[in-house]
Every structure is written in structure tokens, then in C-alpha cells.
>>> print(open('target-v2.cif').read())   # mmCIF, C-alpha atoms
data_coords
loop_
_atom_site.label_atom_id
_atom_site.label_comp_id
_atom_site.auth_asym_id
_atom_site.auth_seq_id
_atom_site.Cartn_x
_atom_site.Cartn_y
_atom_site.Cartn_z
CA MET A 1 3.47 -20.92 10.17
CA LYS A 2 1.58 -18.84 12.73
CA MET A 3 4.85 -17.30 13.93
CA PHE A 4 5.68 -16.38 10.33
CA ILE A 5 2.31 -14.64 10.00
CA ILE A 6 2.81 -12.76 13.28
CA ILE A 7 6.28 -11.50 12.32
CA ALA A 8 5.13 -10.56 8.82
CA ALA A 9 2.07 -8.75 10.19
CA LEU A 10 4.20 -6.74 12.61
CA LEU A 11 6.54 -5.69 9.80
CA ILE A 12 3.59 -4.71 7.61
CA GLY A 13 2.12 -2.63 10.42
CA LEU A 14 5.43 -1.03 11.35
CA SER A 15 5.98 -0.04 7.73
CA LEU A 16 2.60 1.68 7.57
CA GLY A 17 3.04 3.33 10.95
CA VAL A 18 6.57 4.61 10.40
CA LEU A 19 6.52 5.40 6.68
CA GLY A 20 2.84 5.60 5.76
CA SER A 21 3.54 3.17 2.94
CA GLY A 22 4.81 -0.29 2.12
CA GLY A 23 1.90 -2.23 3.58
CA ALA A 24 0.58 -3.90 0.45
CA ILE A 25 4.04 -4.13 -1.06
CA LEU A 26 4.95 -6.41 1.84
CA THR A 27 1.56 -8.10 2.28
CA ILE A 28 1.11 -9.44 -1.24
CA PRO A 29 4.46 -11.33 -1.40
CA VAL A 30 3.82 -12.72 2.10
CA LEU A 31 0.45 -14.10 1.02
CA ILE A 32 1.63 -15.45 -2.34
CA TYR A 33 5.04 -16.87 -1.49
CA GLY A 34 4.65 -17.40 2.24
CA LEU A 35 1.08 -18.71 2.40
CA GLU A 36 0.82 -19.93 -1.22
CA GLN A 37 -2.30 -17.97 -2.07
CA SER A 38 -3.23 -17.21 -5.67
CA GLU A 39 -2.50 -13.74 -7.00
CA ILE A 40 -6.11 -12.58 -7.04
CA ILE A 41 -6.78 -13.89 -3.53
CA ALA A 42 -3.58 -12.24 -2.26
CA ILE A 43 -4.40 -8.89 -3.86
CA THR A 44 -7.97 -8.90 -2.53
CA SER A 45 -6.82 -9.99 0.93
CA SER A 46 -4.14 -7.31 0.90
CA LEU A 47 -6.72 -4.62 0.21
CA VAL A 48 -8.69 -5.73 3.28
CA ILE A 49 -5.61 -6.04 5.49
CA VAL A 50 -3.94 -2.77 4.53
CA GLY A 51 -7.25 -0.92 4.50
CA THR A 52 -8.09 -2.19 7.98
CA ILE A 53 -4.67 -1.41 9.45
CA SER A 54 -4.72 2.06 7.92
CA LEU A 55 -8.24 2.81 9.13
CA VAL A 56 -7.57 1.58 12.68
CA THR A 57 -4.47 3.75 12.86
CA VAL A 58 -6.40 6.75 11.54
CA ILE A 59 -9.26 6.30 14.03
CA VAL A 60 -6.91 5.93 17.00
CA ASN A 61 -5.07 9.10 15.98
CA LEU A 62 -8.08 11.27 15.07
CA ALA A 63 -7.66 13.26 18.27
CA LYS A 64 -4.22 14.42 17.10
CA LYS A 65 -5.88 16.22 14.16
CA GLN A 66 -3.03 15.38 11.81
CA ILE A 67 -5.17 14.45 8.81
CA ASN A 68 -5.34 17.16 6.16
CA TRP A 69 -8.92 16.72 4.98
CA SER A 70 -8.57 19.05 2.01
CA MET A 71 -5.81 16.78 0.70
CA VAL A 72 -7.99 13.75 1.38
CA LEU A 73 -10.63 15.34 -0.85
CA LEU A 74 -8.29 16.58 -3.59
CA PHE A 75 -6.17 13.44 -3.62
CA GLY A 76 -8.61 10.85 -2.36
CA LEU A 77 -11.67 11.40 -4.55
CA PRO A 78 -9.93 10.98 -7.93
CA SER A 79 -7.90 8.19 -6.38
CA MET A 80 -11.03 6.26 -5.37
CA ILE A 81 -12.52 6.59 -8.85
CA ALA A 82 -9.26 5.44 -10.43
CA THR A 83 -9.04 2.53 -7.98
CA TYR A 84 -12.32 1.14 -9.27
CA MET A 85 -11.17 1.57 -12.86
CA GLY A 86 -7.84 -0.09 -12.09
CA ALA A 87 -9.60 -3.05 -10.47
CA TRP A 88 -11.93 -3.29 -13.47
CA LEU A 89 -8.93 -3.34 -15.80
CA ALA A 90 -7.26 -6.00 -13.65
CA SER A 91 -10.26 -8.30 -14.11
CA TYR A 92 -9.39 -8.48 -17.82
CA THR A 93 -5.64 -8.89 -17.29
CA GLU A 94 -3.57 -12.05 -16.89
CA GLN A 95 -2.37 -12.48 -13.31
CA SER A 96 1.20 -12.89 -14.54
CA ILE A 97 1.01 -9.42 -16.08
CA GLN A 98 -0.29 -8.05 -12.78
CA MET A 99 2.66 -9.57 -10.93
CA LEU A 100 5.08 -8.18 -13.49
CA VAL A 101 3.63 -4.70 -12.98
CA PHE A 102 3.67 -5.27 -9.22
CA ALA A 103 7.39 -6.12 -9.31
CA LEU A 104 8.12 -2.98 -11.33
CA VAL A 105 6.06 -0.89 -8.90
CA MET A 106 8.10 -2.35 -6.02
CA MET A 107 11.33 -1.40 -7.77
CA THR A 108 10.01 2.12 -8.32
CA ALA A 109 9.05 2.36 -4.66
CA ALA A 110 12.52 1.15 -3.65
CA TRP A 111 14.17 3.77 -5.83
CA ARG A 112 11.97 6.58 -4.50
CA MET A 113 12.56 5.57 -0.89
CA HIS A 114 16.30 5.32 -1.41
CA LYS A 115 16.42 8.77 -3.00
CA ALA A 116 13.99 10.42 -0.57
CA LYS A 117 15.42 13.36 1.33
CA ALA A 118 14.05 16.04 3.55
CA VAL A 119 12.60 18.72 1.31
CA ALA A 120 12.30 22.40 1.98
CA ASN A 121 8.69 22.87 0.96
CA THR A 122 7.98 26.12 -0.80
CA ALA A 123 4.84 25.52 -2.83
CA ASN A 124 1.28 24.45 -2.34
CA ILE A 125 0.08 21.44 -4.27
CA ALA A 126 -1.77 22.40 -7.44
CA PRO A 127 -5.28 20.92 -7.72
CA VAL A 128 -4.55 19.57 -11.20
CA LYS A 129 -1.41 17.85 -9.98
CA SER A 130 -3.18 16.40 -6.96
CA VAL A 131 -5.91 14.98 -9.20
CA PHE A 132 -3.29 13.47 -11.52
CA LEU A 133 -1.30 11.93 -8.67
CA GLY A 134 -4.48 10.71 -7.02
CA GLY A 135 -5.54 9.06 -10.25
CA LEU A 136 -2.14 7.41 -10.63
CA VAL A 137 -2.19 6.09 -7.07
CA GLY A 138 -5.76 4.83 -7.46
CA THR A 139 -4.96 3.03 -10.68
CA LEU A 140 -2.05 1.24 -9.01
CA THR A 141 -4.23 0.36 -6.02
CA GLY A 142 -6.92 -1.13 -8.20
CA PHE A 143 -4.65 -2.87 -10.68
CA VAL A 144 -2.06 -4.49 -8.40
CA GLY A 145 -3.40 -3.88 -4.90
CA VAL A 146 -0.75 -1.45 -3.64
CA GLY A 147 -1.83 1.46 -1.47
CA GLY A 148 0.50 3.93 -3.13
CA GLY A 149 1.81 5.48 0.07
CA PHE A 150 5.29 5.67 -1.45
CA LEU A 151 3.82 8.20 -3.90
CA ILE A 152 1.33 9.89 -1.58
CA VAL A 153 3.64 10.71 1.34
CA PRO A 154 6.42 12.42 -0.68
CA ALA A 155 3.83 14.35 -2.70
CA LEU A 156 2.08 15.63 0.42
CA MET A 157 5.37 16.61 2.04
CA THR A 158 6.79 18.26 -1.06
CA PHE A 159 3.81 20.06 -2.54
CA ALA A 160 1.31 20.39 0.31
CA ARG A 161 3.95 21.38 2.87
CA LEU A 162 2.81 18.74 5.35
CA LYS A 163 5.06 17.47 8.09
CA MET A 164 6.01 13.80 7.96
CA SER A 165 3.51 12.86 10.68
CA ALA A 166 0.65 14.69 8.94
CA ALA A 167 1.60 13.27 5.55
CA VAL A 168 1.61 9.73 6.97
CA ALA A 169 -1.77 10.23 8.69
CA THR A 170 -3.32 11.70 5.53
CA SER A 171 -1.80 8.95 3.41
CA LEU A 172 -3.29 6.27 5.66
CA MET A 173 -6.74 7.85 5.32
CA ILE A 174 -6.47 7.88 1.53
CA ILE A 175 -5.14 4.31 1.48
CA SER A 176 -8.06 3.09 3.61
CA LEU A 177 -10.59 4.71 1.25
CA ASN A 178 -8.92 3.28 -1.84
CA SER A 179 -8.72 -0.15 -0.26
CA VAL A 180 -12.48 -0.25 0.33
CA VAL A 181 -13.22 0.62 -3.29
CA GLY A 182 -10.68 -1.85 -4.63
CA PHE A 183 -11.93 -4.64 -2.38
CA LEU A 184 -15.55 -4.19 -3.47
CA LYS A 185 -14.60 -4.61 -7.12
CA TYR A 186 -12.28 -7.58 -6.53
CA GLN A 187 -14.89 -9.24 -4.34
CA GLN A 188 -17.31 -9.13 -7.26
CA VAL A 189 -14.75 -10.95 -9.37
CA LEU A 190 -14.15 -13.57 -6.66
CA ILE A 191 -17.88 -14.25 -6.39
CA ASP A 192 -18.10 -14.69 -10.16
CA ILE A 193 -15.29 -17.27 -10.20
CA GLU A 194 -16.44 -18.87 -6.92
CA LEU A 195 -13.36 -18.16 -4.82
CA THR A 196 -13.36 -17.18 -1.15
CA LEU A 197 -10.92 -15.38 1.11
CA ASP A 198 -9.19 -16.86 4.15
CA TRP A 199 -10.73 -14.57 6.75
CA GLN A 200 -8.78 -16.13 9.61
CA VAL A 201 -5.49 -15.12 8.01
CA ILE A 202 -6.88 -11.71 7.10
CA GLY A 203 -8.12 -11.16 10.65
CA LEU A 204 -4.87 -12.26 12.29
CA ILE A 205 -2.67 -10.10 10.06
CA SER A 206 -5.04 -7.14 10.40
CA VAL A 207 -5.08 -7.24 14.20
CA ILE A 208 -1.33 -7.73 14.64
CA GLY A 209 -0.59 -5.30 11.83
CA SER A 210 -2.75 -2.64 13.49
CA ILE A 211 -0.78 -3.06 16.70
CA GLY A 212 2.45 -2.80 14.72
CA SER A 213 1.24 0.33 12.97
CA LEU A 214 0.38 2.06 16.25
CA ILE A 215 3.79 1.10 17.64
CA GLY A 216 5.38 2.41 14.46
CA GLN A 217 3.71 5.78 14.84
CA LYS A 218 4.88 6.00 18.44
CA ILE A 219 8.52 5.35 17.60
CA ALA A 220 8.64 7.06 14.19
CA THR A 221 9.91 10.38 15.53
CA LYS A 222 12.75 8.62 17.37
CA LEU A 223 14.05 6.74 14.34
CA PRO A 224 16.50 7.98 11.68
CA GLN A 225 14.00 8.32 8.84
CA GLN A 226 16.56 8.36 6.04
CA LYS A 227 18.28 5.17 7.20
CA ILE A 228 14.94 3.42 7.74
CA ARG A 229 13.87 4.35 4.22
CA GLN A 230 17.13 3.11 2.73
CA LEU A 231 16.89 -0.19 4.60
CA PHE A 232 13.30 -0.63 3.46
CA ALA A 233 14.34 0.26 -0.09
CA LEU A 234 16.94 -2.52 -0.03
CA ILE A 235 14.35 -5.03 1.20
CA LEU A 236 11.94 -3.95 -1.55
CA LEU A 237 14.64 -4.25 -4.19
CA LEU A 238 15.50 -7.80 -3.14
CA MET A 239 11.85 -8.84 -2.96
CA SER A 240 10.93 -7.24 -6.28
CA SER A 241 13.90 -8.88 -8.01
CA PHE A 242 12.75 -12.28 -6.72
CA ILE A 243 9.16 -11.67 -7.84
CA LEU A 244 10.29 -10.41 -11.24
CA ILE A 245 12.45 -13.49 -11.84
CA GLN A 246 9.69 -15.85 -10.66
CA THR A 247 7.13 -14.14 -12.87
CA LEU A 248 9.33 -14.19 -15.96
CA LEU A 249 10.15 -17.87 -15.41
CA ASN A 250 6.44 -18.67 -15.27
CA PHE A 251 5.53 -16.86 -18.49
#
>>> encode(input="target-v2.cif", output="C-alpha cells")
Amino acid sequence: MKMFIIIAALLIGLSLGVLGSGGAILTIPVLIYGLEQSEIIAITSSLVIVGTISLVTVIVNLAKKQINWSMVLLFGLPSMIATYMGAWLASYTEQSIQMLVFALVMMTAAWRMHKAKAVANTANIAPVKSVFLGGLVGTLTGFVGVGGGFLIVPALMTFARLKMSAAVATSLMIISLNSVVGFLKYQQVLIDIELTLDWQVIGLISVIGSIGSLIGQKIATKLPQQKIRQLFALILLLMSSFILIQTLLNF
């Protein structure tokens, strides 16, 4: 079981380091189907894990000055507010509905990654659009525990004219902020229903995932981005199909 956790954590970290996304989308299924955690425990744990990995990667790479702080403000602030609202909404939603939405989000992420291409950026991101996208990402983070990097990175590259490395770094900063807000709300819910997190699992995945993320950033420029995205898209499609079938069977 420990070897499974180590391999899964490395993949989670590599995904965040190379693509700036996919962390929670991999973490939640690992916790639910691999470690048999409940949905709410898995989502809360995922917020801690992905937030920690993202923050560690950001801190280590601060010297590179790749984070676009104006985008963190424009994108991140509305996203944080929406994250809290999404988590609040989730507290009144059946967990089966959350998993159904999660599966659909995974399929959307798979489609976007498969279709993603290098874009010739010609426009700056409009503040209104950044607020809207930030709100959408935050809502997803709060409601189903995903970081939303699959939306953030393409948006930053397309509309803010950021290079892939800068978009990934900025995305990780936004994800870490959203994860903190989402965790605080979910933790309130866990206290109310007297559930606790498995901090040993969280710690192990966070540490190994952080190492994987740093490795991912080191090798990202040497990898064929399009092929990596398409492979990851295929993995997401298979996983989301499994989750969707399992969720529908349990309705």
C-alpha cells in the first residue's frame, strides 16, 4: 500500500510540475478508490495535499520571478471568494452529486487537454473575463476540490500572453490560495460531523508530491508538451468514465 501511495504521489506532483494542473483530479480518485476514504475526507485531504505541493513548488521557484502577481490578484481574489462559496454549497449537497460533477469536470479537463495547442497570443486578458474565470475556477475548487489548473493555465497563456512556465507558476500560486480557503470551510464541516483526516497519508503524499512537482518543473521544458497533454487526457478520460459509472451505479 505504501508503494502505491508513493507512486501516486509522484504522479500527482509530476502533473502539477509539468502541466500546472491535474493534481486534485488525480488525488481524489487515489484517496477514494485506492485508500477507500469517504468523498468528503478525500476532497478535504486533496485540498491540503495539492495546496501544499503547489505552495512548496512556488516557494522554491520564487527566485525565478515567474509568477505574474497582477494575474494572481485579478484571477486569485475572485477565485478565493468563489472557493468559499463553492465549499459552502457542497456542504448542502449529496456526496454522490459531488462525485458526478467531479467526473464531468474530469471529462472536461481531458477534452481541453487533448485539444490544447500552442496559441499565438495577441490580446491581454480583460479584467471582467479574469474575474469570471477566477470565479468559475474557485467554485469548482470549493465544490469538488479540484484546483482548476486545466482552466487557469490555458487562460493565462491565451489571454495574458504568459509563457508556459510563467502560466504554470502563476497557476500553482492561485491553486495554493484556493486550497487554503477551501480547506478551512471543509474542515468546519468535518468538525461538525466529527470526522478527522489521516494526516500521515496527507503528509506522505504532500512530501513525495512536492518532490515530484519540482522534478516535473525541471524536466518540463525537455518534454513534448502536446504529447504529454494528450496522454494525460487519455488517463483522465478513463478515470472519469470509471468514476461516472461507479457513481451512477450507486445512485
>>> residues_around(input="target-v2.cif", residues="A:Gly148", least_positions_apart="2", cutoff="9 Å", atoms="all atoms listed in the file", output="list in words")
Ser21, Gly22, Ala24, Ala109, Leu136, Val137, Gly138, Leu140, Thr141, Gly145, Val146, Phe150, Leu151, Ile152, Val153, Ser171 and Ile175 of chain A
>>> atom_distance(input="target-v2.cif", atom1="atom CA of A:Ile67", atom2="atom CA of A:Asn178")
15.9 Å
>>> resolve_selection(input="target-v2.cif", expression="the PyMOL selection byres ((chain A and resi 110) around 10)", output="PDB file with C-alpha atoms, in the coordinates of the input")
ATOM      1  CA  GLY A  22       4.810  -0.290   2.120  1.00  0.00           C
ATOM      2  CA  LEU A 104       8.120  -2.980 -11.330  1.00  0.00           C
ATOM      3  CA  VAL A 105       6.060  -0.890  -8.900  1.00  0.00           C
ATOM      4  CA  MET A 106       8.100  -2.350  -6.020  1.00  0.00           C
ATOM      5  CA  MET A 107      11.330  -1.400  -7.770  1.00  0.00           C
ATOM      6  CA  THR A 108      10.010   2.120  -8.320  1.00  0.00           C
ATOM      7  CA  ALA A 109       9.050   2.360  -4.660  1.00  0.00           C
ATOM      8  CA  TRP A 111      14.170   3.770  -5.830  1.00  0.00           C
ATOM      9  CA  ARG A 112      11.970   6.580  -4.500  1.00  0.00           C
ATOM     10  CA  MET A 113      12.560   5.570  -0.890  1.00  0.00           C
ATOM     11  CA  HIS A 114      16.300   5.320  -1.410  1.00  0.00           C
ATOM     12  CA  LYS A 115      16.420   8.770  -3.000  1.00  0.00           C
ATOM     13  CA  ALA A 116      13.990  10.420  -0.570  1.00  0.00           C
ATOM     14  CA  PHE A 150       5.290   5.670  -1.450  1.00  0.00           C
ATOM     15  CA  ARG A 229      13.870   4.350   4.220  1.00  0.00           C
ATOM     16  CA  GLN A 230      17.130   3.110   2.730  1.00  0.00           C
ATOM     17  CA  LEU A 231      16.890  -0.190   4.600  1.00  0.00           C
ATOM     18  CA  PHE A 232      13.300  -0.630   3.460  1.00  0.00           C
ATOM     19  CA  ALA A 233      14.340   0.260  -0.090  1.00  0.00           C
ATOM     20  CA  LEU A 234      16.940  -2.520  -0.030  1.00  0.00           C
ATOM     21  CA  ILE A 235      14.350  -5.030   1.200  1.00  0.00           C
ATOM     22  CA  LEU A 236      11.940  -3.950  -1.550  1.00  0.00           C
ATOM     23  CA  LEU A 237      14.640  -4.250  -4.190  1.00  0.00           C
ATOM     24  CA  LEU A 238      15.500  -7.800  -3.140  1.00  0.00           C
ATOM     25  CA  SER A 240      10.930  -7.240  -6.280  1.00  0.00           C
TER      26      SER A 240
END
>>> resolve_selection(input="target-v2.cif", expression="the PyMOL selection byres ((chain A and resi 33-50) around 7)", output="ChimeraX atom specification")
/A:23-24,27-32,51-54,95,144-145,179,182-183,186,197,202,205-206
>>> closest_atom_pairs(input="target-v2.cif", of="stretch 147-219 of chain A", to="stretch 2-8 of chain A", cutoff="12 Å", atoms="only C-alpha atoms", output="CSV")
residue,atom,partner,partner_atom,distance
A:Gln200,CA,A:Lys2,CA,11.2
A:Val201,CA,A:Ile5,CA,8.1
A:Ile202,CA,A:Ile5,CA,10.1
A:Gly203,CA,A:Ile5,CA,11.0
A:Leu204,CA,A:Ile6,CA,7.8
A:Ile205,CA,A:Ile5,CA,6.7
A:Ser206,CA,A:Ile6,CA,10.1
A:Val207,CA,A:Ile6,CA,9.7
A:Ile208,CA,A:Ile6,CA,6.7
A:Gly209,CA,A:Ile6,CA,8.3
A:Ser210,CA,A:Ile6,CA,11.5
A:Ile211,CA,A:Ile6,CA,10.9
A:Gly212,CA,A:Ile7,CA,9.8
>>> closest_residue(input="target-v2.cif", among="A:Ser91, A:Ser165, A:Gln188, A:Ser176", to="A:Phe143", atoms="all atoms listed in the file")
A:Ser91
>>> resolve_selection(input="target-v2.cif", expression="the PyMOL selection byres ((chain A and resi 246) around 12)", output="list in words")
Pro29, Ile32, Tyr33, Ser96, Met99, Leu100, Ala103, Met239, Ser240, Ser241, Phe242, Ile243, Leu244, Ile245, Thr247, Leu248, Leu249, Asn250 and Phe251 of chain A
>>> atom_distance(input="target-v2.cif", atom1="atom CA of A:Gly86", atom2="atom CA of A:Gln98")
11.0 Å
>>> closest_residue(input="target-v2.cif", among="A:Leu184, A:Leu77, A:Ala155, A:Ala167", to="A:Gly135", atoms="all atoms listed in the file")
A:Leu77
>>> atom_distance(input="target-v2.cif", atom1="atom CA of A:Leu14", atom2="atom CA of A:Phe102")
21.1 Å
>>> closest_residue(input="target-v2.cif", among="A:Leu89, A:Val58, A:Val18, A:Ile25", to="A:Thr170", atoms="all atoms listed in the file")
A:Val58
>>> closest_residue(input="target-v2.cif", among="A:Ile97, A:Leu55, A:Ile81, A:Leu62", to="A:Gly20", atoms="all atoms listed in the file")
A:Leu55
>>> closest_residue(input="target-v2.cif", among="A:Met173, A:Val168, A:Val72, A:Val101", to="A:Gly134", atoms="only C-alpha atoms")
A:Val72
>>> residues_around(input="target-v2.cif", residues="A:Asn61", least_positions_apart="4", cutoff="10 Å", atoms="only C-alpha atoms", output="ChimeraX atom specification")
/A:55-57,65-67,169,214,217
>>> decode(input="target-v2.cif", residues="stretch 11-52 of chain A", atoms="C-alpha atoms", output="JSON list (two decimals), in the first residue's frame")
[["chain", "number", "residue", "atom", "x", "y", "z"],
["A", 11, "LEU", "CA", 2.40, 11.21, -10.49],
["A", 12, "ILE", "CA", 0.36, 13.90, -8.73],
["A", 13, "GLY", "CA", 3.46, 16.02, -8.24],
["A", 14, "LEU", "CA", 4.72, 15.49, -11.78],
["A", 15, "SER", "CA", 1.35, 16.54, -13.15],
["A", 16, "LEU", "CA", 1.42, 19.78, -11.18],
["A", 17, "GLY", "CA", 5.06, 20.46, -12.04],
["A", 18, "VAL", "CA", 4.81, 19.76, -15.76],
["A", 19, "LEU", "CA", 1.29, 20.96, -16.53],
["A", 20, "GLY", "CA", 0.34, 23.19, -13.60],
["A", 21, "SER", "CA", -2.85, 21.18, -13.27],
["A", 22, "GLY", "CA", -4.24, 17.72, -12.65],
["A", 23, "GLY", "CA", -3.20, 17.43, -9.02],
["A", 24, "ALA", "CA", -6.61, 17.16, -7.38],
["A", 25, "ILE", "CA", -8.07, 15.36, -10.38],
["A", 26, "LEU", "CA", -5.60, 12.55, -9.65],
["A", 27, "THR", "CA", -5.54, 12.86, -5.86],
["A", 28, "ILE", "CA", -9.25, 12.46, -5.17],
["A", 29, "PRO", "CA", -9.66, 9.14, -7.06],
["A", 30, "VAL", "CA", -6.48, 7.82, -5.42],
["A", 31, "LEU", "CA", -7.86, 8.59, -1.96],
["A", 32, "ILE", "CA", -11.38, 7.31, -2.64],
["A", 33, "TYR", "CA", -10.72, 4.20, -4.72],
["A", 34, "GLY", "CA", -7.15, 3.44, -3.70],
["A", 35, "LEU", "CA", -7.30, 4.20, 0.03],
["A", 36, "GLU", "CA", -11.09, 3.81, 0.48],
["A", 37, "GLN", "CA", -11.65, 7.22, 2.02],
["A", 38, "SER", "CA", -15.07, 8.85, 2.02],
["A", 39, "GLU", "CA", -15.75, 11.56, -0.53],
["A", 40, "ILE", "CA", -15.66, 14.44, 1.94],
["A", 41, "ILE", "CA", -12.45, 13.20, 3.57],
["A", 42, "ALA", "CA", -10.85, 12.73, 0.15],
["A", 43, "ILE", "CA", -11.84, 16.20, -1.06],
["A", 44, "THR", "CA", -10.61, 17.88, 2.12],
["A", 45, "SER", "CA", -7.37, 15.88, 2.10],
["A", 46, "SER", "CA", -6.87, 16.71, -1.56],
["A", 47, "LEU", "CA", -7.13, 20.43, -0.83],
["A", 48, "VAL", "CA", -4.35, 20.10, 1.76],
["A", 49, "ILE", "CA", -2.16, 17.92, -0.47],
["A", 50, "VAL", "CA", -2.49, 19.92, -3.67],
["A", 51, "GLY", "CA", -2.26, 23.22, -1.82],
["A", 52, "THR", "CA", 0.92, 22.11, -0.06]]
